[in-house]
Structure formats: C-alpha cells, structure tokens
$ cat start20.cif   # mmCIF, C-alpha atoms and all ligand atoms
data_entry
loop_
_atom_site.label_atom_id
_atom_site.label_comp_id
_atom_site.auth_asym_id
_atom_site.auth_seq_id
_atom_site.Cartn_x
_atom_site.Cartn_y
_atom_site.Cartn_z
CA ILE A 1 16.49 -42.91 -9.15
CA ILE A 2 12.92 -44.04 -10.01
CA LEU A 3 12.25 -44.58 -6.31
CA LEU A 4 13.59 -41.11 -5.50
CA VAL A 5 11.54 -39.41 -8.21
CA SER A 6 8.33 -41.22 -7.20
CA SER A 7 8.87 -40.28 -3.52
CA CYS A 8 9.31 -36.63 -4.51
CA VAL A 9 6.11 -36.71 -6.60
CA LEU A 10 4.25 -38.38 -3.72
CA ILE A 11 5.48 -35.82 -1.19
CA TYR A 12 4.48 -33.00 -3.58
CA LEU A 13 0.98 -34.48 -4.02
CA ILE A 14 0.47 -34.96 -0.29
CA TYR A 15 1.68 -31.40 0.36
CA ASN A 16 -0.77 -29.98 -2.16
CA THR A 17 -3.65 -32.05 -0.83
CA LEU A 18 -2.92 -30.78 2.66
CA LYS A 19 -2.85 -27.20 1.35
CA TYR A 20 -6.20 -27.76 -0.30
CA ASP A 21 -7.63 -29.20 2.92
CA ILE A 22 -6.85 -25.95 4.68
CA VAL A 23 -8.69 -23.96 2.05
CA THR A 24 -11.83 -25.98 2.58
CA SER A 25 -11.60 -25.63 6.36
CA ASP A 26 -13.46 -23.12 8.54
CA ARG A 27 -10.70 -20.55 8.54
CA SER A 28 -11.27 -17.18 6.85
CA VAL A 29 -9.86 -16.74 3.37
CA VAL A 30 -8.60 -13.37 2.21
CA LEU A 31 -7.34 -12.01 -1.11
CA VAL A 32 -4.79 -9.18 -1.10
CA THR A 33 -4.15 -7.53 -4.46
CA GLY A 34 -0.84 -5.71 -4.81
CA ALA A 35 0.67 -8.32 -2.48
CA ALA A 36 4.26 -7.81 -3.64
CA GLY A 37 4.21 -4.09 -2.84
CA LEU A 38 5.01 -2.18 0.34
CA VAL A 39 1.53 -2.25 1.87
CA GLY A 40 0.38 -5.58 0.40
CA SER A 41 3.36 -7.60 1.61
CA HIS A 42 3.14 -6.30 5.19
CA LEU A 43 -0.63 -6.82 5.18
CA CYS A 44 -0.25 -10.45 4.00
CA GLU A 45 2.34 -11.06 6.71
CA GLU A 46 0.07 -9.69 9.44
CA LEU A 47 -3.01 -11.55 8.17
CA LEU A 48 -1.04 -14.82 8.18
CA LYS A 49 -0.06 -14.13 11.79
CA ARG A 50 -3.77 -13.70 12.52
CA ASN A 51 -4.52 -17.17 11.15
CA TYR A 52 -6.04 -16.20 7.80
CA ILE A 53 -5.51 -18.21 4.63
CA VAL A 54 -4.01 -15.60 2.33
CA TYR A 55 -4.00 -15.32 -1.44
CA GLY A 56 -1.65 -12.61 -2.70
CA LEU A 57 -2.25 -11.33 -6.23
CA ASP A 58 0.25 -9.18 -8.11
CA ASN A 59 1.48 -8.58 -11.65
CA LEU A 60 4.90 -7.52 -10.31
CA SER A 61 4.79 -4.23 -12.22
CA THR A 62 6.04 -2.06 -9.35
CA GLY A 63 6.20 -4.76 -6.67
CA GLN A 64 9.19 -6.92 -5.85
CA ILE A 65 9.10 -10.70 -5.72
CA ARG A 66 11.59 -10.65 -2.82
CA ASN A 67 8.85 -9.02 -0.69
CA ILE A 68 6.77 -12.20 -0.83
CA ASN A 69 9.19 -14.99 -1.77
CA TRP A 70 9.61 -15.94 1.84
CA LEU A 71 5.79 -15.94 2.36
CA ASN A 72 5.51 -18.36 -0.55
CA SER A 73 7.21 -21.04 1.50
CA LEU A 74 4.50 -20.74 4.18
CA ARG A 75 1.66 -23.21 4.14
CA ASP A 76 -1.23 -20.75 4.14
CA PHE A 77 0.05 -18.30 1.54
CA TYR A 78 -0.66 -18.63 -2.19
CA PHE A 79 0.81 -16.28 -4.76
CA VAL A 80 -1.39 -15.48 -7.77
CA ASN A 81 0.71 -13.93 -10.54
CA ARG A 82 -1.82 -11.99 -12.60
CA ASP A 83 -3.12 -8.55 -13.48
CA VAL A 84 -6.05 -7.36 -11.38
CA THR A 85 -7.76 -5.95 -14.48
CA ASP A 86 -7.83 -9.31 -16.34
CA LYS A 87 -11.03 -11.37 -16.40
CA TRP A 88 -10.66 -14.09 -13.79
CA GLU A 89 -12.45 -17.44 -13.53
CA ASP A 90 -11.39 -17.72 -9.92
CA GLY A 91 -11.56 -21.14 -8.28
CA PHE A 92 -12.32 -19.99 -4.74
CA THR A 93 -14.55 -22.31 -2.77
CA ARG A 94 -14.64 -19.65 -0.10
CA LEU A 95 -13.57 -16.00 0.00
CA ASP A 96 -14.34 -13.75 2.96
CA GLU A 97 -12.38 -10.56 2.43
CA ILE A 98 -10.64 -8.71 -0.38
CA TYR A 99 -8.09 -5.95 0.17
CA HIS A 100 -7.67 -4.19 -3.18
CA MET A 101 -4.22 -2.59 -2.92
CA ALA A 102 -2.98 -3.11 -6.49
CA SER A 103 -2.03 0.16 -8.19
CA PRO A 104 1.15 2.02 -9.03
CA ALA A 105 1.53 4.28 -6.01
CA SER A 106 4.41 6.69 -6.51
CA PRO A 107 4.32 9.64 -8.93
CA LYS A 108 7.32 8.18 -10.78
CA ALA A 109 5.40 4.90 -11.28
CA TYR A 110 2.15 6.47 -12.40
CA PHE A 111 3.77 9.02 -14.69
CA LYS A 112 5.45 6.04 -16.38
CA ASP A 113 2.24 4.02 -16.70
CA PRO A 114 -0.83 6.31 -16.57
CA ILE A 115 -3.03 3.78 -18.38
CA GLY A 116 -2.08 0.90 -16.06
CA THR A 117 -2.72 3.26 -13.16
CA TYR A 118 -6.23 4.34 -14.03
CA ARG A 119 -7.10 0.76 -15.08
CA ALA A 120 -5.94 -0.75 -11.75
CA ASN A 121 -8.16 1.65 -9.80
CA THR A 122 -11.21 1.56 -12.08
CA ILE A 123 -11.39 -1.70 -14.07
CA GLY A 124 -9.43 -3.47 -11.31
CA THR A 125 -11.89 -2.19 -8.70
CA GLU A 126 -14.85 -3.24 -10.85
CA SER A 127 -13.32 -6.69 -11.21
CA MET A 128 -12.86 -6.95 -7.41
CA ILE A 129 -16.45 -5.78 -6.87
CA GLU A 130 -17.63 -8.64 -9.12
CA LEU A 131 -15.42 -11.11 -7.28
CA ALA A 132 -16.75 -9.88 -3.93
CA GLY A 133 -20.29 -10.27 -5.28
CA ARG A 134 -19.70 -13.88 -6.40
CA HIS A 135 -18.49 -14.90 -2.93
CA SER A 136 -20.36 -12.43 -0.69
CA ALA A 137 -16.96 -11.15 0.40
CA ARG A 138 -16.24 -7.78 2.00
CA LEU A 139 -14.11 -5.44 -0.14
CA LEU A 140 -11.66 -2.84 1.11
CA PHE A 141 -10.43 -0.35 -1.49
CA ALA A 142 -7.09 1.43 -1.04
CA SER A 143 -7.95 5.01 -1.85
CA SER A 144 -5.55 7.85 -1.21
CA SER A 145 -5.11 11.29 0.30
CA GLU A 146 -4.59 12.28 -3.36
CA VAL A 147 -8.39 12.44 -3.67
CA TYR A 148 -8.00 15.77 -1.83
CA GLY A 149 -5.61 17.03 -4.56
CA ASP A 150 -3.88 20.28 -3.50
CA PRO A 151 -6.19 20.83 -0.51
CA LEU A 152 -7.64 24.21 0.38
CA THR A 153 -8.39 23.12 3.96
CA HIS A 154 -5.89 21.87 6.49
CA PRO A 155 -5.94 19.28 7.98
CA GLN A 156 -8.22 17.31 5.65
CA THR A 157 -11.38 15.69 6.96
CA GLU A 158 -13.34 13.08 5.03
CA ILE A 159 -16.09 15.56 4.20
CA TYR A 160 -13.70 17.76 2.19
CA TRP A 161 -14.33 17.11 -1.52
CA GLY A 162 -10.88 18.05 -2.70
CA ASN A 163 -9.14 20.33 -5.14
CA VAL A 164 -8.00 18.06 -7.97
CA ASN A 165 -6.79 18.95 -11.46
CA PRO A 166 -8.56 16.48 -13.78
CA TYR A 167 -6.34 17.39 -16.73
CA GLY A 168 -2.75 17.00 -15.59
CA PRO A 169 -0.02 14.40 -15.10
CA ARG A 170 -1.28 13.29 -11.66
CA ALA A 171 -4.90 12.95 -12.78
CA CYS A 172 -4.51 9.28 -13.84
CA TYR A 173 -3.92 8.49 -10.16
CA ASP A 174 -5.98 11.11 -8.30
CA GLU A 175 -9.06 10.85 -10.49
CA SER A 176 -8.96 7.05 -10.71
CA LYS A 177 -8.84 6.81 -6.92
CA ARG A 178 -11.90 9.07 -6.85
CA MET A 179 -13.59 6.90 -9.47
CA GLY A 180 -12.67 3.76 -7.51
CA GLU A 181 -14.48 5.22 -4.50
CA THR A 182 -17.48 5.99 -6.72
CA LEU A 183 -17.57 2.40 -8.02
CA CYS A 184 -17.55 1.12 -4.44
CA PHE A 185 -20.41 3.46 -3.56
CA ILE A 186 -22.45 2.25 -6.57
CA ALA A 187 -21.80 -1.41 -5.72
CA GLN A 188 -22.99 -0.81 -2.20
CA GLN A 189 -26.12 0.98 -3.35
CA LEU A 190 -27.05 -1.39 -6.19
CA TYR A 191 -25.83 -4.80 -5.02
CA GLY A 192 -25.45 -4.35 -1.27
CA THR A 193 -21.72 -5.13 -1.51
CA GLU A 194 -19.99 -4.63 1.83
CA ILE A 195 -17.33 -2.07 1.07
CA ARG A 196 -14.66 -0.27 3.07
CA ILE A 197 -12.65 2.71 1.80
CA ALA A 198 -9.30 3.71 3.27
CA ARG A 199 -7.93 7.13 2.30
CA ILE A 200 -4.29 6.39 2.90
CA PHE A 201 -1.76 9.17 3.56
CA ASN A 202 2.01 8.91 2.96
CA THR A 203 3.25 5.61 4.28
CA PHE A 204 6.79 4.30 4.41
CA GLY A 205 8.77 1.36 5.69
CA PRO A 206 11.00 -1.56 4.81
CA ARG A 207 10.20 -3.19 1.41
CA MET A 208 9.60 0.14 -0.33
CA HIS A 209 10.95 -0.03 -3.83
CA PRO A 210 14.40 1.64 -3.74
CA GLU A 211 13.77 3.29 -7.11
CA ASP A 212 10.14 4.32 -6.71
CA GLY A 213 11.04 8.00 -6.38
CA ARG A 214 9.17 8.67 -3.12
CA VAL A 215 10.83 11.12 -0.73
CA ILE A 216 11.93 8.63 1.92
CA SER A 217 13.33 5.91 -0.35
CA ASN A 218 14.92 8.57 -2.60
CA PHE A 219 16.78 10.32 0.20
CA ILE A 220 17.95 7.10 1.85
CA MET A 221 19.18 5.67 -1.46
CA ASN A 222 20.91 8.98 -2.34
CA GLY A 223 22.77 8.77 0.96
CA ILE A 224 23.71 5.10 0.61
CA LYS A 225 24.98 5.60 -2.95
CA GLY A 226 26.85 8.80 -2.00
CA ASP A 227 24.79 10.88 -4.46
CA ASP A 228 23.48 14.38 -3.79
CA ILE A 229 19.98 14.60 -2.28
CA PHE A 230 17.62 16.28 -4.76
CA ILE A 231 14.61 18.17 -3.41
CA TYR A 232 11.81 19.16 -5.78
CA GLY A 233 10.99 22.85 -5.18
CA ASP A 234 12.19 24.79 -2.13
CA GLY A 235 11.79 21.95 0.40
CA MET A 236 9.03 23.76 2.31
CA LYS A 237 6.18 21.47 1.17
CA THR A 238 4.94 19.32 4.02
CA ARG A 239 3.83 15.72 4.23
CA SER A 240 2.57 13.63 7.16
CA PHE A 241 4.43 10.33 7.38
CA MET A 242 2.96 7.09 8.69
CA TYR A 243 4.94 3.94 9.42
CA ILE A 244 3.73 0.81 7.67
CA SER A 245 2.76 -1.20 10.79
CA ASP A 246 0.35 1.58 11.84
CA LEU A 247 -1.32 1.51 8.44
CA VAL A 248 -1.68 -2.28 8.45
CA ASP A 249 -3.29 -2.13 11.90
CA GLY A 250 -5.71 0.56 10.63
CA LEU A 251 -6.63 -1.41 7.51
CA ILE A 252 -7.42 -4.57 9.48
CA ARG A 253 -9.50 -2.59 11.98
CA LEU A 254 -11.36 -0.88 9.15
CA MET A 255 -12.13 -4.18 7.44
CA ALA A 256 -13.53 -5.54 10.72
CA SER A 257 -15.60 -2.40 11.40
CA ASN A 258 -19.14 -1.54 10.34
CA ASN A 259 -18.09 1.71 8.67
CA SER A 260 -18.62 1.80 4.92
CA SER A 261 -17.85 5.48 4.26
CA PRO A 262 -14.32 6.73 3.40
CA ILE A 263 -11.96 7.03 6.32
CA ASN A 264 -8.56 8.75 6.63
CA LEU A 265 -5.61 6.64 7.72
CA GLY A 266 -2.53 8.78 8.23
CA ASN A 267 -0.24 10.19 10.88
CA PRO A 268 -1.16 13.79 11.85
CA TYR A 269 1.53 13.91 14.57
CA GLU A 270 4.39 13.66 12.08
CA GLU A 271 3.93 16.49 9.58
CA HIS A 272 7.36 17.61 8.32
CA ASN A 273 8.65 19.69 5.48
CA VAL A 274 10.75 17.91 2.88
CA LEU A 275 13.97 19.74 3.81
CA LYS A 276 13.59 18.63 7.42
CA VAL A 277 13.04 15.05 6.26
CA ALA A 278 16.28 15.21 4.23
CA LYS A 279 18.17 16.52 7.27
CA ILE A 280 16.79 13.86 9.64
CA ILE A 281 17.75 11.14 7.14
CA GLN A 282 21.25 12.61 6.76
CA GLU A 283 21.57 12.53 10.55
CA LEU A 284 20.40 8.91 10.89
CA LEU A 285 22.65 7.78 8.03
CA ALA A 286 25.59 9.56 9.68
CA GLU A 287 24.89 7.63 12.91
CA ARG A 288 25.43 4.51 10.78
CA GLY A 289 28.72 5.74 9.38
CA ILE A 290 27.36 7.01 6.05
CA ALA A 291 28.83 10.38 5.10
CA ARG A 292 26.57 13.39 4.57
CA THR A 293 25.83 14.22 0.96
CA ARG A 294 24.92 17.67 -0.41
CA ILE A 295 21.32 18.86 -0.68
CA ASN A 296 20.34 20.28 -4.08
CA TYR A 297 17.08 21.81 -5.28
CA ILE A 298 15.38 21.09 -8.61
CA GLN A 299 12.16 22.30 -10.22
CA ALA A 300 8.97 21.35 -8.33
CA LEU A 301 6.67 18.72 -9.88
CA GLN A 302 3.45 19.94 -11.50
CA ASP A 303 0.38 19.85 -9.21
CA ASP A 304 2.44 18.57 -6.27
CA PRO A 305 0.35 19.47 -3.19
CA THR A 306 1.80 22.10 -0.85
CA LYS A 307 0.70 20.47 2.37
CA ARG A 308 -1.01 17.35 3.48
CA LYS A 309 -2.17 16.32 6.93
CA PRO A 310 -5.03 14.02 7.86
CA ASP A 311 -7.72 14.69 10.38
CA ILE A 312 -8.09 11.22 11.91
CA SER A 313 -10.92 11.94 14.38
CA LYS A 314 -13.19 9.56 12.49
CA ALA A 315 -10.70 6.65 12.63
CA GLU A 316 -10.06 7.38 16.31
CA GLU A 317 -13.75 7.30 17.10
CA LEU A 318 -14.93 4.44 14.88
CA LEU A 319 -11.87 2.19 14.78
CA ASP A 320 -10.24 3.14 18.08
CA TRP A 321 -7.11 3.62 15.96
CA ARG A 322 -4.23 6.06 16.03
CA PRO A 323 -0.63 5.78 14.84
CA THR A 324 1.90 4.81 17.49
CA VAL A 325 5.25 4.62 15.71
CA SER A 326 7.32 7.83 15.67
CA PHE A 327 8.77 9.12 12.41
CA GLU A 328 12.34 8.60 13.60
CA ASP A 329 11.75 5.04 14.86
CA GLY A 330 10.12 4.15 11.53
CA LEU A 331 13.00 5.77 9.65
CA ARG A 332 15.60 3.81 11.63
CA LYS A 333 13.92 0.52 10.64
CA THR A 334 13.62 1.61 7.02
CA ILE A 335 17.23 2.80 6.79
CA ASP A 336 18.49 -0.45 8.35
CA TYR A 337 16.46 -2.40 5.78
CA PHE A 338 18.03 -0.50 2.86
CA ILE A 339 21.53 -0.74 4.31
CA GLU A 340 21.11 -4.51 4.75
CA LEU A 341 19.88 -4.77 1.14
CA TYR A 342 22.84 -2.91 -0.33
CA LYS A 343 25.73 -3.82 1.92
P1 LIG A 401 3.53 -0.47 -4.22
O1 LIG A 401 3.89 0.05 -5.56
O2 LIG A 401 4.64 -0.81 -3.29
O3 LIG A 401 2.57 -1.73 -4.36
C1 LIG A 401 1.56 -1.81 -5.31
C2 LIG A 401 1.54 -3.23 -5.85
O4 LIG A 401 0.48 -3.36 -6.81
C3 LIG A 401 2.84 -3.61 -6.57
O5 LIG A 401 3.31 -4.83 -6.05
C4 LIG A 401 2.43 -3.75 -8.04
O6 LIG A 401 3.20 -4.71 -8.73
C5 LIG A 401 0.97 -4.12 -7.90
N1 LIG A 401 0.15 -3.78 -9.06
C6 LIG A 401 0.06 -2.59 -9.70
N2 LIG A 401 -0.81 -2.65 -10.71
C7 LIG A 401 -1.29 -3.92 -10.73
C8 LIG A 401 -2.22 -4.62 -11.55
N3 LIG A 401 -2.83 -4.02 -12.57
N4 LIG A 401 -2.47 -5.92 -11.28
C9 LIG A 401 -1.84 -6.54 -10.24
N5 LIG A 401 -0.95 -5.94 -9.45
C10 LIG A 401 -0.68 -4.64 -9.68
O7 LIG A 401 2.57 0.60 -3.54
P2 LIG A 401 2.07 0.65 -2.03
O8 LIG A 401 2.72 1.81 -1.39
O9 LIG A 401 2.18 -0.67 -1.39
O10 LIG A 401 0.53 1.04 -2.24
C11 LIG A 401 -0.51 0.08 -2.10
C12 LIG A 401 -1.86 0.76 -2.30
O11 LIG A 401 -2.03 1.80 -1.33
C13 LIG A 401 -1.99 1.42 -3.68
O12 LIG A 401 -3.31 1.25 -4.13
C14 LIG A 401 -1.73 2.88 -3.39
O13 LIG A 401 -2.38 3.72 -4.32
C15 LIG A 401 -2.32 3.02 -1.98
N6 LIG A 401 -1.69 4.13 -1.27
C16 LIG A 401 -0.39 4.04 -0.83
C17 LIG A 401 0.17 5.12 -0.19
C18 LIG A 401 1.59 5.07 0.32
O14 LIG A 401 2.08 6.11 0.79
N7 LIG A 401 2.29 3.96 0.30
C19 LIG A 401 -0.57 6.29 0.00
C20 LIG A 401 -1.86 6.35 -0.48
C21 LIG A 401 -2.43 5.26 -1.11
#

$ encode --input "start20.cif" --output "structure tokens"
Amino acid sequence: IILLVSSCVLIYLIYNTLKYDIVTSDRSVVLVTGAAGLVGSHLCEELLKRNYIVYGLDNLSTGQIRNINWLNSLRDFYFVNRDVTDKWEDGFTRLDEIYHMASPASPKAYFKDPIGTYRANTIGTESMIELAGRHSARLLFASSSEVYGDPLTHPQTEIYWGNVNPYGPRACYDESKRMGETLCFIAQQLYGTEIRIARIFNTFGPRMHPEDGRVISNFIMNGIKGDDIFIYGDGMKTRSFMYISDLVDGLIRLMASNNSSPINLGNPYEEHNVLKVAKIIQELLAERGIARTRINYIQALQDDPTKRKPDISKAEELLDWRPTVSFEDGLRKTIDYFIELYK
C-alpha cells in the first residue's frame, strides 16, 4: 500500500512539474474569464486547439461545470474558480491575452443578480485592466448589442450611440456594458493598455444554460419537456441570431487585429421575429419525433428592444470576418445537444 501511495504521489508531482514547464515555455498564455459559460467554454476549446495555454476563470454563478470538466483533463487547461471582481494576487509568469467574458448574460440572470451584473462589467473590467497592465497583456472586453438599447436606427453601426433607459430593470446590464467600454477607453488613453471591444449580438449554441431564459434555450426546453411555448409580447420583435462558432472566430480575429475601437459581431443575415423562431424550432423538434406544443403569448418584458440587427461592415473590412453558419444548421446542433442532455 505504501509503495502504491508513494507512486501515486510521485506521478502527481511529475505531472504538475510538467504542467509548470509548459507555462514557462514560449507558448502564448491566455486568460478567459467566464470560461464555464456558453461563449467562454467554446473560446477555451478553440484556443487550446490553436496551441495556447489556457486559464479559464469562473465563479460558476450562471456557468456550468460540465462545460469545462472535460477541458480540465487536458494538459494545457487550468480552471481558476474565483470571482472576477475579487482582488487577485495572480501568479502568472507570463500572460499574453485576456478575454473578459464573465458576466450574467441573459435577462433572467441579470434581473436575478443586478449587483453581480454591474460589478462583473465594471469592477471586473477594472480588475482585468490592472491584470493586463501588470503583464503587458492585450485585453478583449465582451460588450453587447445592448449598448444600443432600443435602437432608433436599423441596422446598428458602431457609431450609433444608443437609446438606453438608465433607470430600468435592464440598466444593470446595458449601462454596465457601456461603462465597461468607457473603462477600456480610459485605460488605453492613460496607460496605453491594448484593448479590444466586441459588441456581441444574440449568440446561441450547445452549452447554453437550459434555464437561462433566452429565446432559443427556452423554446427548445419547452418542446423537450412537452410544455407550452411562451412568447413575451406579440412575437413580432426581431433578433439576429449568430451561431457560437462564428462568434468565437470573430473574437479571435479581433484579438489578433490592430483595431481598438468597438466592433459589432453578429449575424445580419439571420434576422427573425420571435414567432418565426418558435415555429422553426417546433419544426426541427418534430423532425426528431418531439410532438408540437402550443404557442402562448404573455406580457412583453419592460424595455425589451423591438428589433436588433448588426451592421458588420467594419468587421468585414478590418477582420475579414462574416458569419458562415445558417440559423437552421446552428439550431440543429443546439437541439441535438439538448436532446442528448435530457434523453
Ligand atoms: P454565460 O452566462 O453562458 O457565461 C457567462 C459566464 O460568466 C458564466 O460561466 C458565469 O458563471 C460567469 N460569471 C458571471 N459573473 C462572474 C463573476 N463575477 N466572476 C467570475 N465569473 C462570472 O453567458 P455567455 O452567453 O457565454 O456570455 C459571455 C459574455 O458575452 C458575457 O459578458 C455577455 O454579456 C456577452 N454577450 C453574450 C451574448 C450572447 O448572446 N450570448 C450577447 C452579447 C454579449
């Protein structure tokens, strides 16, 4: 038994030493906050494929450990279980890039935790700016199309300043994303921090939280559980839907680019009203043998934008980026993920 225990300890020590050796090697080291969420987990996966050493930070507030458990077994991935707003004596010997993705992202999540939401995007961003400064790392901030509020122009270009209610239930998210952008701007001006700002539009895909209340996960879960589909309002509000792999590609291109001003990442080719989304999902679920459920309408959410569609000319020109995955292809993958999870 003693021999067995000592061999295990020895193997563990050698394994950790080897891990440490990688960190001190020439390979780029990246920190992804919000790593256990939809965007963070796919980003970590892609960065690992591209030979980065990846640290994934998350407090698991809205993220799911199953999204990164399997990454944890990989040699170049390190999970950091902490809150992005906490003071951090980090031990990095090298840090090249930071993707700051940590924030509650669905209305249901930020209505539940407005303080955690504004803190993640303001204090959390400040903390990541300091970390970037200590290591001369480049920082990418996950902003949102919500900075445009209920837009008065359509589609939205980056020069549109938005139409945001600062005193309402969504303000903790919308205004803190705006403030996060401001903090990045200040850091760039005062300290020369290399910053990148992605204004992300609706994104979906496997690993979404089934209970996060966003349209796609809601409708799919309603169908799988045999519940009625509930639409807020009359179903005529539109959203533009981007599949997760397109967003990850855009984020990595943006990080590598020389562009430090805000840039839209969204899918302008797939703008649909919510009723149409419900019907397409019903159709795709039916193809998989799941019976149609009834569509019901409930009161619209306060300050919910009427339409949203990105103008992506800037990303096309500066990043040579455009979405390539169709709404239906993305939905098929997402539905199969949820069915697999709940079968
Ligand atoms: P998500 O909820 O799936 O992931 C967010 C992750 O951040 C979760 O794992 C959560 O546990 C973590 N987190 C939250 N607060 C934290 C804190 N204080 N400290 C550490 N971890 C914390 O959301 P997502 O869809 O992956 O969104 C990622 C980022 O992209 C967010 O900043 C969001 O605002 C932004 N964004 C997403 C969309 C979208 O449609 N998915 C659209 C616009 C902007």

$ residues_around --input "start20.cif" --residues "A:Thr238" --least-positions-apart "5" --cutoff "9 Å" --atoms "only C-alpha atoms" --output "ChimeraX atom specification"
/A:271-274,305-309

$ axis_aligned_box --input "start20.cif" --around "stretch 203-219 of chain A" --padding-each-side "3 Å" --output "AutoDock Vina command-line options"
--center_x 10.0 --center_y 4.0 --center_z -0.7 --size_x 19.5 --size_y 20.3 --size_z 18.8

$ residues_near_ligand --input "start20.cif" --ligand "ligand LIG 401 (chain A)" --cutoff "7 Å" --atoms "all atoms listed in the file" --output "VMD selection string"
chain A and resid 33 to 40 57 to 64 82 to 85 101 to 106 116 to 117 119 to 120 124 142 to 145 199 to 204 208 to 209

$ closest_residue --input "start20.cif" --among "A:Val32, A:Leu183, A:Ala286, A:Leu301" --to "A:Lys237" --atoms "only C-alpha atoms"
A:Leu301

$ atom_distance --input "start20.cif" --atom1 "atom CA of A:Phe327" --atom2 "atom CA of A:Lys276"
11.8 Å

$ closest_residue --input "start20.cif" --among "A:Ser41, A:Thr334, A:Gln282, A:Ser136" --to "A:Thr93" --atoms "all atoms listed in the file"
A:Ser136

$ residues_around --input "start20.cif" --residues "A:Leu43" --least-positions-apart "5" --cutoff "10 Å" --atoms "all atoms listed in the file" --output "NGL selection string"
:A and (32 or 35 or 37-38 or 48-49 or 54 or 56 or 99 or 101 or 244-245 or 247-249 or 251-252)

$ residues_around --input "start20.cif" --residues "A:Ser313" --least-positions-apart "3" --cutoff "9 Å" --atoms "only C-alpha atoms" --output "list in words"
Thr157, Asn264, Glu316, Glu317 and Leu318 of chain A

$ atom_distance --input "start20.cif" --atom1 "atom CA of A:Glu211" --atom2 "atom CA of A:Lys279"
20.0 Å

$ closest_residue --input "start20.cif" --among "A:Lys87, A:Phe141, A:Asn165, A:Gly205" --to "A:Arg332" --atoms "only C-alpha atoms"
A:Gly205

$ closest_residue --input "start20.cif" --among "A:Leu341, A:Cys44, A:Ile231, A:Ile195" --to "A:Arg207" --atoms "all atoms listed in the file"
A:Leu341

$ build_atoms --input "start20.cif" --residues "stretch 211-227 of chain A" --atoms "N, CA, C and O atoms" --output "PDB file, keeping the file's coordinate frame"
ATOM      1  N   GLU A 211      13.761   2.351  -5.983  1.00  0.00           N
ATOM      2  CA  GLU A 211      13.770   3.290  -7.110  1.00  0.00           C
ATOM      3  C   GLU A 211      12.406   3.926  -7.348  1.00  0.00           C
ATOM      4  O   GLU A 211      12.137   4.432  -8.435  1.00  0.00           O
ATOM      5  N   ASP A 212      11.505   3.873  -6.388  1.00  0.00           N
ATOM      6  CA  ASP A 212      10.140   4.320  -6.710  1.00  0.00           C
ATOM      7  C   ASP A 212       9.985   5.851  -6.682  1.00  0.00           C
ATOM      8  O   ASP A 212       8.922   6.377  -7.009  1.00  0.00           O
ATOM      9  N   GLY A 213      11.035   6.539  -6.264  1.00  0.00           N
ATOM     10  CA  GLY A 213      11.040   8.000  -6.380  1.00  0.00           C
ATOM     11  C   GLY A 213      10.296   8.702  -5.260  1.00  0.00           C
ATOM     12  O   GLY A 213      10.152   9.925  -5.295  1.00  0.00           O
ATOM     13  N   ARG A 214       9.832   7.967  -4.226  1.00  0.00           N
ATOM     14  CA  ARG A 214       9.170   8.670  -3.120  1.00  0.00           C
ATOM     15  C   ARG A 214      10.239   9.271  -2.203  1.00  0.00           C
ATOM     16  O   ARG A 214      11.372   8.770  -2.131  1.00  0.00           O
ATOM     17  N   VAL A 215       9.852  10.333  -1.503  1.00  0.00           N
ATOM     18  CA  VAL A 215      10.830  11.120  -0.730  1.00  0.00           C
ATOM     19  C   VAL A 215      11.754  10.241   0.129  1.00  0.00           C
ATOM     20  O   VAL A 215      12.978  10.336   0.047  1.00  0.00           O
ATOM     21  N   ILE A 216      11.131   9.371   0.945  1.00  0.00           N
ATOM     22  CA  ILE A 216      11.930   8.630   1.920  1.00  0.00           C
ATOM     23  C   ILE A 216      12.931   7.687   1.232  1.00  0.00           C
ATOM     24  O   ILE A 216      14.126   7.713   1.531  1.00  0.00           O
ATOM     25  N   SER A 217      12.422   6.866   0.299  1.00  0.00           N
ATOM     26  CA  SER A 217      13.330   5.910  -0.350  1.00  0.00           C
ATOM     27  C   SER A 217      14.384   6.662  -1.166  1.00  0.00           C
ATOM     28  O   SER A 217      15.562   6.280  -1.185  1.00  0.00           O
ATOM     29  N   ASN A 218      13.973   7.753  -1.823  1.00  0.00           N
ATOM     30  CA  ASN A 218      14.920   8.570  -2.600  1.00  0.00           C
ATOM     31  C   ASN A 218      16.078   9.052  -1.740  1.00  0.00           C
ATOM     32  O   ASN A 218      17.242   8.849  -2.078  1.00  0.00           O
ATOM     33  N   PHE A 219      15.738   9.707  -0.625  1.00  0.00           N
ATOM     34  CA  PHE A 219      16.780  10.320   0.200  1.00  0.00           C
ATOM     35  C   PHE A 219      17.702   9.256   0.804  1.00  0.00           C
ATOM     36  O   PHE A 219      18.918   9.432   0.874  1.00  0.00           O
ATOM     37  N   ILE A 220      17.102   8.150   1.251  1.00  0.00           N
ATOM     38  CA  ILE A 220      17.950   7.100   1.850  1.00  0.00           C
ATOM     39  C   ILE A 220      18.890   6.536   0.790  1.00  0.00           C
ATOM     40  O   ILE A 220      20.099   6.387   1.014  1.00  0.00           O
ATOM     41  N   MET A 221      18.348   6.248  -0.391  1.00  0.00           N
ATOM     42  CA  MET A 221      19.180   5.670  -1.460  1.00  0.00           C
ATOM     43  C   MET A 221      20.251   6.661  -1.900  1.00  0.00           C
ATOM     44  O   MET A 221      21.382   6.262  -2.168  1.00  0.00           O
ATOM     45  N   ASN A 222      19.897   7.968  -2.002  1.00  0.00           N
ATOM     46  CA  ASN A 222      20.910   8.980  -2.340  1.00  0.00           C
ATOM     47  C   ASN A 222      22.072   8.888  -1.362  1.00  0.00           C
ATOM     48  O   ASN A 222      23.237   8.850  -1.768  1.00  0.00           O
ATOM     49  N   GLY A 223      21.726   8.827  -0.073  1.00  0.00           N
ATOM     50  CA  GLY A 223      22.770   8.770   0.960  1.00  0.00           C
ATOM     51  C   GLY A 223      23.626   7.522   0.831  1.00  0.00           C
ATOM     52  O   GLY A 223      24.857   7.590   0.867  1.00  0.00           O
ATOM     53  N   ILE A 224      22.968   6.376   0.673  1.00  0.00           N
ATOM     54  CA  ILE A 224      23.710   5.100   0.610  1.00  0.00           C
ATOM     55  C   ILE A 224      24.640   5.079  -0.609  1.00  0.00           C
ATOM     56  O   ILE A 224      25.773   4.611  -0.543  1.00  0.00           O
ATOM     57  N   LYS A 225      24.156   5.635  -1.729  1.00  0.00           N
ATOM     58  CA  LYS A 225      24.980   5.600  -2.950  1.00  0.00           C
ATOM     59  C   LYS A 225      26.005   6.746  -3.000  1.00  0.00           C
ATOM     60  O   LYS A 225      26.806   6.820  -3.909  1.00  0.00           O
ATOM     61  N   GLY A 226      25.910   7.675  -2.017  1.00  0.00           N
ATOM     62  CA  GLY A 226      26.850   8.800  -2.000  1.00  0.00           C
ATOM     63  C   GLY A 226      26.481   9.879  -3.014  1.00  0.00           C
ATOM     64  O   GLY A 226      27.302  10.732  -3.352  1.00  0.00           O
ATOM     65  N   ASP A 227      25.242   9.837  -3.506  1.00  0.00           N
ATOM     66  CA  ASP A 227      24.790  10.880  -4.460  1.00  0.00           C
ATOM     67  C   ASP A 227      24.267  12.097  -3.701  1.00  0.00           C
ATOM     68  O   ASP A 227      23.948  12.001  -2.508  1.00  0.00           O
TER      69      ASP A 227
END
